[in-house]
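Chemist: Please see the structure below; I have some questions.
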Amino acid sequence: MTDSLDASIEGPGAAMATVTNGAPESPLAADQEAYLSQYAKRNYLLYMLIVLVSLGASPFGDMSVFVPTLAMRLHAPTWIVALPTVVDYSISYIPILLLGWLMGARASRTRVYAASVAAMYLPILALAIALLRVESERAMVVIFSACVICYSLALGVTILPCWDLFARIFPDSKRSKIMGQAGALGQASTLLTAGLAGWLISSHSPLPYPRNYAVAMLIFASNGFVCLFVILGLKEYKPPVSNEPKLTFGGYLAMLWQTVQTDDRFRATLRIAPFAIALVSLTPVMLAYAVKYRGFTGADDKALFVASRPYVMIPGLLLFGYISHRIGPARVAGGLAVLILLAVPLSMLSWGRFQLVPLLMITTAAFGSLFYVLLAVMRSADQSRMHQYLAIYYTACLIPGLAPLGLAWLMDHTPNVALSLIMLIAAIVAVGFLSPRMSRDV
């Protein structure tokens with residue numbers, strides 16, 4: 001692979017000057033385009049296979065709906081219902097800063113990512129076993145919380161190599177379309193499994209509680225281990241760094257701070273992007289609101305929500321990818337914030353099963369926000385130091401990612417205040433990403 005990389009750098013690709021969205025492409029980006037063109041079909045097919053397998057199993061371990069539903073079955077408080085996604089989008093980012101220091105530019109992202117995926121699904125297997133063997137509900141709440149936290153901390157280790165690998169297997173000119181296609185394909189795969197997952201937790205399940213949830217966790221984990229082996233087949237572009245300096249951790253932090261101070265384009269993105277993390281985690285909070293205050297309590301209401309999401313998200317994600325390719329991911333992220341801004345008052349006016357409409361709006365917009373904000377960050381980053389830029393971004397998201405935990409607590413005590421804060425955050429993201437300067441820069 002090194003020989004192929006060197007040949008592509010020294011060959012015609014080094015002299016290329018292509019254009020992406022009207023802006024001249026850097027020599028490094030041109031080298032990346034030339035190298036990845038050799039493996040474009042291979043990487044595309046393997047990546048789509050990973051998406052197909054992982055998202056096909058996602059309804060059985062969905063941290064925004066399925067796992068919070070399990071928490072509610074355990075009669076856990078609302079803050080625990082919000083815990084899985086809060087851990088996913090905040091606490092799980094803690095290892096990223098350290099990992100960004102340990103990972104050099106030449107380190108294989110496929111190997112690091114595959115190893116971290118293995119560690120991520122072990123707590124899910126432990127949770128499945130506990131559901132089968134532990135009878136005390138209080139003990140299960142503790143085990144559930146511990147497994148989710150361990151899973152999410154391991155997920156935090158996967159995030160950096162995952163998205164750095166994405167940037168290394170697809171050039172910037174193709175990422176928006178591929179992201180939209182992958183999201184739609186993943187949701188299409190859930191059409192085959194979402195109904196089964198919803199049926200498994202419904203009143204018509206063939207398995208009694210908690211065996212039905214245990215089987216779901218086993219399906220979720222086993223598919224994750226399948227993805228591990230597919231990841232190792234991806235071909236990544238490694239930046240041509242011959243003498244990579246070995247920094248102390250203090251020197252590494254100083255370099256990250258200098259990046260924030262000197263890179264105006266990245267800093268402009270960083271001012272808005274962390275607020276969007278608070279929106280990404282809204283689904284369980286709004287689901288709890290619908291159940292507690294708006295009559296979303298029918299026997300199969302939540303199962304219907306799980307089963308119907310793909311039918312809304314598939315066309316939505318395809319549309320997001322197409323629009324992002326034409327107008328840029330920042331504008332798409334701003335538009336998704338507007339969608340959330342409209343869904344919240346609609347939720348306040350709806351009752352019973354009609355809560356499905358605002359819940360589907362929020363879920364689709366929140367899911368899309370996670371990816372298109374990330375694409376905006378990638379576009380504003382230095383391609384040769386992508387892992388360091390991503391480390392800065394995820395570290396900046398640590399505190400905003402805790403917002404749904406506070407919102408969930410407020411939802412128990414003053415729901416109107418919680419809803420007002422959600423609309424305020426959505427407005428900040430919408431105005432920030434749709435501003436003329438941000439749209440021009442990103």
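For the structure tokens, the naming scheme is as follows: chains receive sequential letters (A, B, ...) according to their order of presentation, residues are indexed from 1 within each chain, and ligands are indexed from 1 in presentation order.
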Near range 170-176 of chain A, within 10 Å and counting only C-alpha atoms, which residues show up once chain neighbours fewer than 3 positions away are dropped, as a PDB file with C-alpha atoms, in the first residue's frame?

Modeler:
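Written output follows (result24.pdb):
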ATOM      1  CA  THR A  18      -9.170  20.508  -9.549  1.00  0.00           C
ATOM      2  CA  VAL A  19     -12.082  22.637  -8.444  1.00  0.00           C
ATOM      3  CA  THR A  20     -14.607  21.765  -5.730  1.00  0.00           C
ATOM      4  CA  ASN A  21     -17.681  24.005  -5.300  1.00  0.00           C
ATOM      5  CA  GLU A  25      -8.314  22.407  -4.549  1.00  0.00           C
ATOM      6  CA  ALA A  29      -6.392  17.214  -1.832  1.00  0.00           C
ATOM      7  CA  ALA A  30      -5.461  16.561  -5.469  1.00  0.00           C
ATOM      8  CA  ASP A  31      -3.053  13.824  -4.374  1.00  0.00           C
ATOM      9  CA  GLN A  32      -5.823  12.317  -2.273  1.00  0.00           C
ATOM     10  CA  GLU A  33      -8.253  12.387  -5.224  1.00  0.00           C
ATOM     11  CA  ALA A  34      -5.676  10.654  -7.457  1.00  0.00           C
ATOM     12  CA  TYR A  35      -4.878   7.941  -4.922  1.00  0.00           C
ATOM     13  CA  LEU A  36      -8.470   7.221  -3.926  1.00  0.00           C
ATOM     14  CA  SER A  37      -9.623   7.026  -7.552  1.00  0.00           C
ATOM     15  CA  TYR A  39      -9.973   2.272  -4.889  1.00  0.00           C
ATOM     16  CA  ALA A  40     -13.141   4.325  -5.351  1.00  0.00           C
ATOM     17  CA  ASN A  43     -14.179   1.705  -0.721  1.00  0.00           C
ATOM     18  CA  TYR A  44     -17.681   2.726  -1.756  1.00  0.00           C
ATOM     19  CA  LEU A 165     -11.038   7.240   8.169  1.00  0.00           C
ATOM     20  CA  PHE A 166     -14.100   8.575   6.326  1.00  0.00           C
ATOM     21  CA  ALA A 167     -12.046  11.630   5.337  1.00  0.00           C
ATOM     22  CA  MET A 179     -23.173  10.736   3.266  1.00  0.00           C
ATOM     23  CA  GLY A 180     -26.695  11.204   1.950  1.00  0.00           C
ATOM     24  CA  GLN A 181     -26.647   7.894   0.059  1.00  0.00           C
ATOM     25  CA  ALA A 182     -25.227   6.020   3.044  1.00  0.00           C
ATOM     26  CA  LYS A 235      -8.105   1.411   1.555  1.00  0.00           C
ATOM     27  CA  GLU A 236      -7.170   4.711   3.197  1.00  0.00           C
ATOM     28  CA  TYR A 237      -5.077   7.664   2.023  1.00  0.00           C
ATOM     29  CA  PHE A 320     -30.086  16.363   2.579  1.00  0.00           C
ATOM     30  CA  GLY A 321     -27.170  14.774   0.687  1.00  0.00           C
ATOM     31  CA  TYR A 322     -28.273  16.246  -2.635  1.00  0.00           C
ATOM     32  CA  ILE A 323     -28.819  19.728  -1.196  1.00  0.00           C
ATOM     33  CA  SER A 324     -25.543  19.638   0.761  1.00  0.00           C
ATOM     34  CA  HIS A 325     -23.606  18.818  -2.408  1.00  0.00           C
ATOM     35  CA  ARG A 326     -25.061  21.917  -4.074  1.00  0.00           C
ATOM     36  CA  GLY A 328     -22.781  23.154   1.353  1.00  0.00           C
ATOM     37  CA  PRO A 329     -23.274  21.245   4.624  1.00  0.00           C
ATOM     38  CA  PHE A 371     -23.492  14.396  10.040  1.00  0.00           C
ATOM     39  CA  TYR A 372     -23.838  17.714   8.234  1.00  0.00           C
ATOM     40  CA  LEU A 375     -19.079  17.689   7.233  1.00  0.00           C
ATOM     41  CA  ALA A 376     -18.975  21.462   7.761  1.00  0.00           C
ATOM     42  CA  MET A 378     -14.278  18.669   7.911  1.00  0.00           C
ATOM     43  CA  ARG A 379     -14.595  21.185   5.100  1.00  0.00           C
ATOM     44  CA  GLN A 383      -6.747  17.927   5.478  1.00  0.00           C
TER      45      GLN A 383
END

Chemist: Determine, using only C-alpha atoms, which residues of range 218-326 of chain A have any atom at most 9 Å from an atom of range 122-133 of chain A, and tabulate each with its shortest atom pair and distance in Å to one decimal place, rows ordered by chain and then rising number, as a tab-separated table.

Modeler:
residue	atom	partner	partner_atom	distance
A:Leu218	CA	A:Ala128	CA	6.2
A:Phe220	CA	A:Ile124	CA	7.9
A:Ala221	CA	A:Ile124	CA	6.1
A:Ser222	CA	A:Leu125	CA	8.6

Chemist: May I have the selected residues written with N, CA and C atoms, as a short mmCIF file (atom, residue, chain, number, x, y, z; two decimals), in the first residue's frame?

Modeler:
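Saved the output as selection_27.cif:
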data_model
loop_
_atom_site.label_atom_id
_atom_site.label_comp_id
_atom_site.auth_asym_id
_atom_site.auth_seq_id
_atom_site.Cartn_x
_atom_site.Cartn_y
_atom_site.Cartn_z
N LEU A 218 -28.28 -8.84 21.74
CA LEU A 218 -27.41 -9.83 21.10
C LEU A 218 -27.34 -9.60 19.59
N PHE A 220 -27.83 -6.72 18.08
CA PHE A 220 -27.10 -5.46 17.91
C PHE A 220 -25.60 -5.69 17.98
N ALA A 221 -25.14 -6.43 18.98
CA ALA A 221 -23.71 -6.65 19.18
C ALA A 221 -23.10 -7.54 18.09
N SER A 222 -23.78 -8.61 17.71
CA SER A 222 -23.22 -9.54 16.74
C SER A 222 -23.00 -8.87 15.39
#

Chemist: May I ask which of the residues A:Ile422, A:Trp101, A:Trp409, A:Ser308 is the closest one to Gly251 in chain A, counting only C-alpha atoms?

Modeler: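 Closest to Gly251 in chain A of all the choices is A:Trp101.
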
Chemist: Once DSSP has gone over the backbone, tell me which residues of range 1-239 of chain A are in strand (DSSP E), as a list of chain:residue names.

Modeler: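 These are the residues in question: A:Val19, A:Thr20, A:Ala23, A:Pro24.
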
Chemist: Output N, CA and C atoms for every residue in the selection just made, as a PDB file, in the first residue's frame.

Modeler:
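Just written: out-v1.pdb:
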ATOM      1  N   VAL A  19     -11.233  21.624  -9.054  1.00  0.00           N
ATOM      2  CA  VAL A  19     -12.082  22.637  -8.444  1.00  0.00           C
ATOM      3  C   VAL A  19     -13.248  21.945  -7.744  1.00  0.00           C
ATOM      4  N   THR A  20     -13.485  22.304  -6.490  1.00  0.00           N
ATOM      5  CA  THR A  20     -14.607  21.765  -5.730  1.00  0.00           C
ATOM      6  C   THR A  20     -15.463  22.915  -5.243  1.00  0.00           C
ATOM      7  N   ALA A  23     -14.003  26.461  -5.634  1.00  0.00           N
ATOM      8  CA  ALA A  23     -12.764  26.855  -4.975  1.00  0.00           C
ATOM      9  C   ALA A  23     -11.630  25.956  -5.428  1.00  0.00           C
ATOM     10  N   PRO A  24     -10.422  26.518  -5.724  1.00  0.00           N
ATOM     11  CA  PRO A  24      -9.305  25.686  -6.142  1.00  0.00           C
ATOM     12  C   PRO A  24      -8.941  24.685  -5.063  1.00  0.00           C
TER      13      PRO A  24
END

Chemist: For Leu419 in chain A, please output as an NGL selection string all residues within 12 Å (counting only C-alpha atoms; exclusion window: fewer than 3 positions along the same chain).

Modeler: :A and (279 or 282 or 285-286 or 289-290 or 340-348 or 404 or 406-416 or 422-426)

Chemist: Between A:Val86, A:Pro284, A:Tyr113, A:Thr193, which has the minimum distance to Ile219 in chain A (counting only C-alpha atoms)?

Modeler: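 Among the listed residues, A:Thr193 lies closest to Ile219 in chain A.
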
Chemist: Which neighbours of Arg267 in chain A fall inside 12 Å, counting only C-alpha atoms, when residues of the same chain fewer than 2 positions from it are skipped, and could you give them as a list in words?

Modeler: Leu256, Trp257, Gln258, Thr259, Val260, Gln261, Thr262, Asp263, Asp264, Arg265, Thr269, Leu270, Arg271, Ile272, Ala273, Pro274, Ala376, Val377, Ser380, Ala381, Tyr389, Ile392, Tyr393, Ala396, Met438, Asp441 and Val442 of chain A

Chemist: Could you turn the residues from that selection into a file that holds C-alpha atoms, as a compact mmCIF listing (two decimals), in the first residue's frame?

Modeler:
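Once everything was written out, this is part.txt:
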# COMPACT_ATOMS: atom_id res chain seq x y z
CA LEU A 256 -4.34 22.76 19.15
CA TRP A 257 -4.85 26.12 20.84
CA GLN A 258 -2.70 27.82 18.19
CA THR A 259 -4.87 26.21 15.51
CA VAL A 260 -8.00 27.68 17.08
CA GLN A 261 -6.36 31.12 17.32
CA THR A 262 -4.94 31.27 13.79
CA ASP A 263 -7.41 29.38 11.59
CA ASP A 264 -10.24 31.87 11.07
CA ARG A 265 -12.36 29.59 8.89
CA THR A 269 -17.40 26.94 12.34
CA LEU A 270 -16.38 26.06 15.89
CA ARG A 271 -18.44 28.92 17.33
CA ILE A 272 -21.70 27.33 16.14
CA ALA A 273 -21.05 23.60 15.69
CA PRO A 274 -21.02 22.56 19.41
CA ALA A 376 -18.97 21.46 7.76
CA VAL A 377 -16.18 20.97 10.31
CA SER A 380 -13.10 23.94 7.27
CA ALA A 381 -10.22 21.72 8.51
CA TYR A 389 -9.11 19.36 14.02
CA ILE A 392 -10.64 20.09 18.86
CA TYR A 393 -14.24 19.91 17.64
CA ALA A 396 -15.49 21.68 22.32
CA MET A 438 -20.82 31.16 7.46
CA ASP A 441 -16.82 30.36 4.37
CA VAL A 442 -18.10 26.80 4.80

Chemist: So, counting only C-alpha atoms, which residue among A:Leu45, A:Ile178, A:Met72, A:Cys150 is closest to Leu318 in chain A?

Modeler: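 Between A:Leu45, A:Ile178, A:Met72, A:Cys150, the residue approaching Leu318 in chain A most closely is A:Ile178.
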
Chemist: Which residues are close to Ile399 in chain A, i.e. within 10 Å by only C-alpha atoms, leaving aside same-chain residues fewer than 2 positions away? Reply as a PyMOL selection string.

Modeler: chain A and resi 89-91+274-275+277-278+394-397+401-403

Chemist: Figure out the distance between CA of Ala114 in chain A and CA of Leu247 in chain A, please, to one decimal in Å.

Modeler: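 For CA of Leu247 in chain A relative to CA of Ala114 in chain A, the distance reads 25.5 Å.
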
Chemist: Pick from A:Gly156, A:Pro400, A:Gly224, A:Gly298: nearest to Asp88 in chain A, with only C-alpha atoms counted?

Modeler: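 Nearest candidate to Asp88 in chain A out of A:Gly156, A:Pro400, A:Gly224, A:Gly298: A:Gly156.
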
Chemist: Excluding Leu434 in chain A and residues on its chain fewer than 6 positions from it, collect all residues at most 9 Å away from it, counting only C-alpha atoms, and give them as an MDAnalysis selection string.

Modeler: chainID A and resid 330:335

Chemist: Once you have the residues from the selection above, write them out as a CSV table (one decimal), in the first residue's frame, restricted to N, CA and C atoms.

Modeler:
chain,number,residue,atom,x,y,z
A,330,ALA,N,-23.1,23.4,5.8
A,330,ALA,CA,-23.4,24.4,6.8
A,330,ALA,C,-24.9,24.9,6.6
A,331,ARG,N,-25.2,25.2,5.4
A,331,ARG,CA,-26.6,25.6,5.2
A,331,ARG,C,-27.6,24.5,5.5
A,332,VAL,N,-27.3,23.2,5.2
A,332,VAL,CA,-28.2,22.1,5.5
A,332,VAL,C,-28.3,22.0,7.0
A,333,ALA,N,-27.2,22.1,7.7
A,333,ALA,CA,-27.3,22.0,9.2
A,333,ALA,C,-28.2,23.2,9.7
A,334,GLY,N,-28.1,24.3,9.2
A,334,GLY,CA,-29.0,25.4,9.6
A,334,GLY,C,-30.4,25.2,9.3
A,335,GLY,N,-30.7,24.6,8.1
A,335,GLY,CA,-32.1,24.2,7.8
A,335,GLY,C,-32.7,23.2,8.7

Chemist: Can you check which residues of range 207-280 of chain A DSSP gives as alpha helix (DSSP H) on the backbone and send them as number ranges by chain?

Modeler: A: 211-231, 249-262, 264-280

Chemist: From the set A:Leu359, A:Met48, A:Leu232, A:Met217, which residue has the shortest atom-to-atom contact distance to Leu200 in chain A, counting only C-alpha atoms?

Modeler: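 Ranking A:Leu359, A:Met48, A:Leu232, A:Met217 by distance to Leu200 in chain A, first place goes to A:Met217.
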
Chemist: Determine, using only C-alpha atoms, which residues of range 272-361 of chain A have any atom at most 12 Å from an atom of range 50-62 of chain A, and tabulate each with its shortest atom pair and distance in Å to one decimal place, rows ordered by chain and then rising number, as a Markdown table.

Modeler:
| residue | atom | partner | partner_atom | distance |
| --- | --- | --- | --- | --- |
| A:Thr283 | CA | A:Asp62 | CA | 11.1 |
| A:Pro284 | CA | A:Asp62 | CA | 10.6 |
| A:Ala303 | CA | A:Pro59 | CA | 10.6 |
| A:Phe305 | CA | A:Pro59 | CA | 11.0 |
| A:Val306 | CA | A:Pro59 | CA | 7.2 |
| A:Ala307 | CA | A:Pro59 | CA | 8.6 |
| A:Ser308 | CA | A:Pro59 | CA | 11.2 |
| A:Arg309 | CA | A:Pro59 | CA | 10.0 |
| A:Pro310 | CA | A:Pro59 | CA | 10.1 |

Chemist: Those same residues - C-alpha atoms - I'd like them written as a PDB file, in the first residue's frame.

Modeler:
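File produced: out_33.pdb:
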ATOM      1  CA  THR A 283     -35.119  12.616  20.587  1.00  0.00           C
ATOM      2  CA  PRO A 284     -35.270  10.841  23.996  1.00  0.00           C
ATOM      3  CA  ALA A 303     -43.214   0.533  18.772  1.00  0.00           C
ATOM      4  CA  PHE A 305     -42.449   5.214  16.279  1.00  0.00           C
ATOM      5  CA  VAL A 306     -39.502   2.794  15.951  1.00  0.00           C
ATOM      6  CA  ALA A 307     -41.063   1.066  12.943  1.00  0.00           C
ATOM      7  CA  SER A 308     -42.102   4.223  11.042  1.00  0.00           C
ATOM      8  CA  ARG A 309     -38.892   6.255  11.254  1.00  0.00           C
ATOM      9  CA  PRO A 310     -37.196   4.777   8.165  1.00  0.00           C
TER      10      PRO A 310
END

Chemist: So what do you get for CA of Ser116 in chain A versus CA of Ala154 in chain A, distance-wise?

Modeler: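 One can read the CA of Ser116 in chain A to CA of Ala154 in chain A distance as 6.5 Å.
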
Chemist: What is the CA of Met386 in chain A-CA of Gly368 in chain A distance in Å, reported with one decimal?

Modeler: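 For CA of Met386 in chain A relative to CA of Gly368 in chain A, the distance reads 21.3 Å.
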
Chemist: Of the candidates A:Val373, A:Leu349, A:Leu398, A:Val338, which shows the shortest atom-to-atom distance to Ile428 in chain A, using only C-alpha atoms?

Modeler: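 That would be A:Val338, the residue with the smallest distance to Ile428 in chain A.
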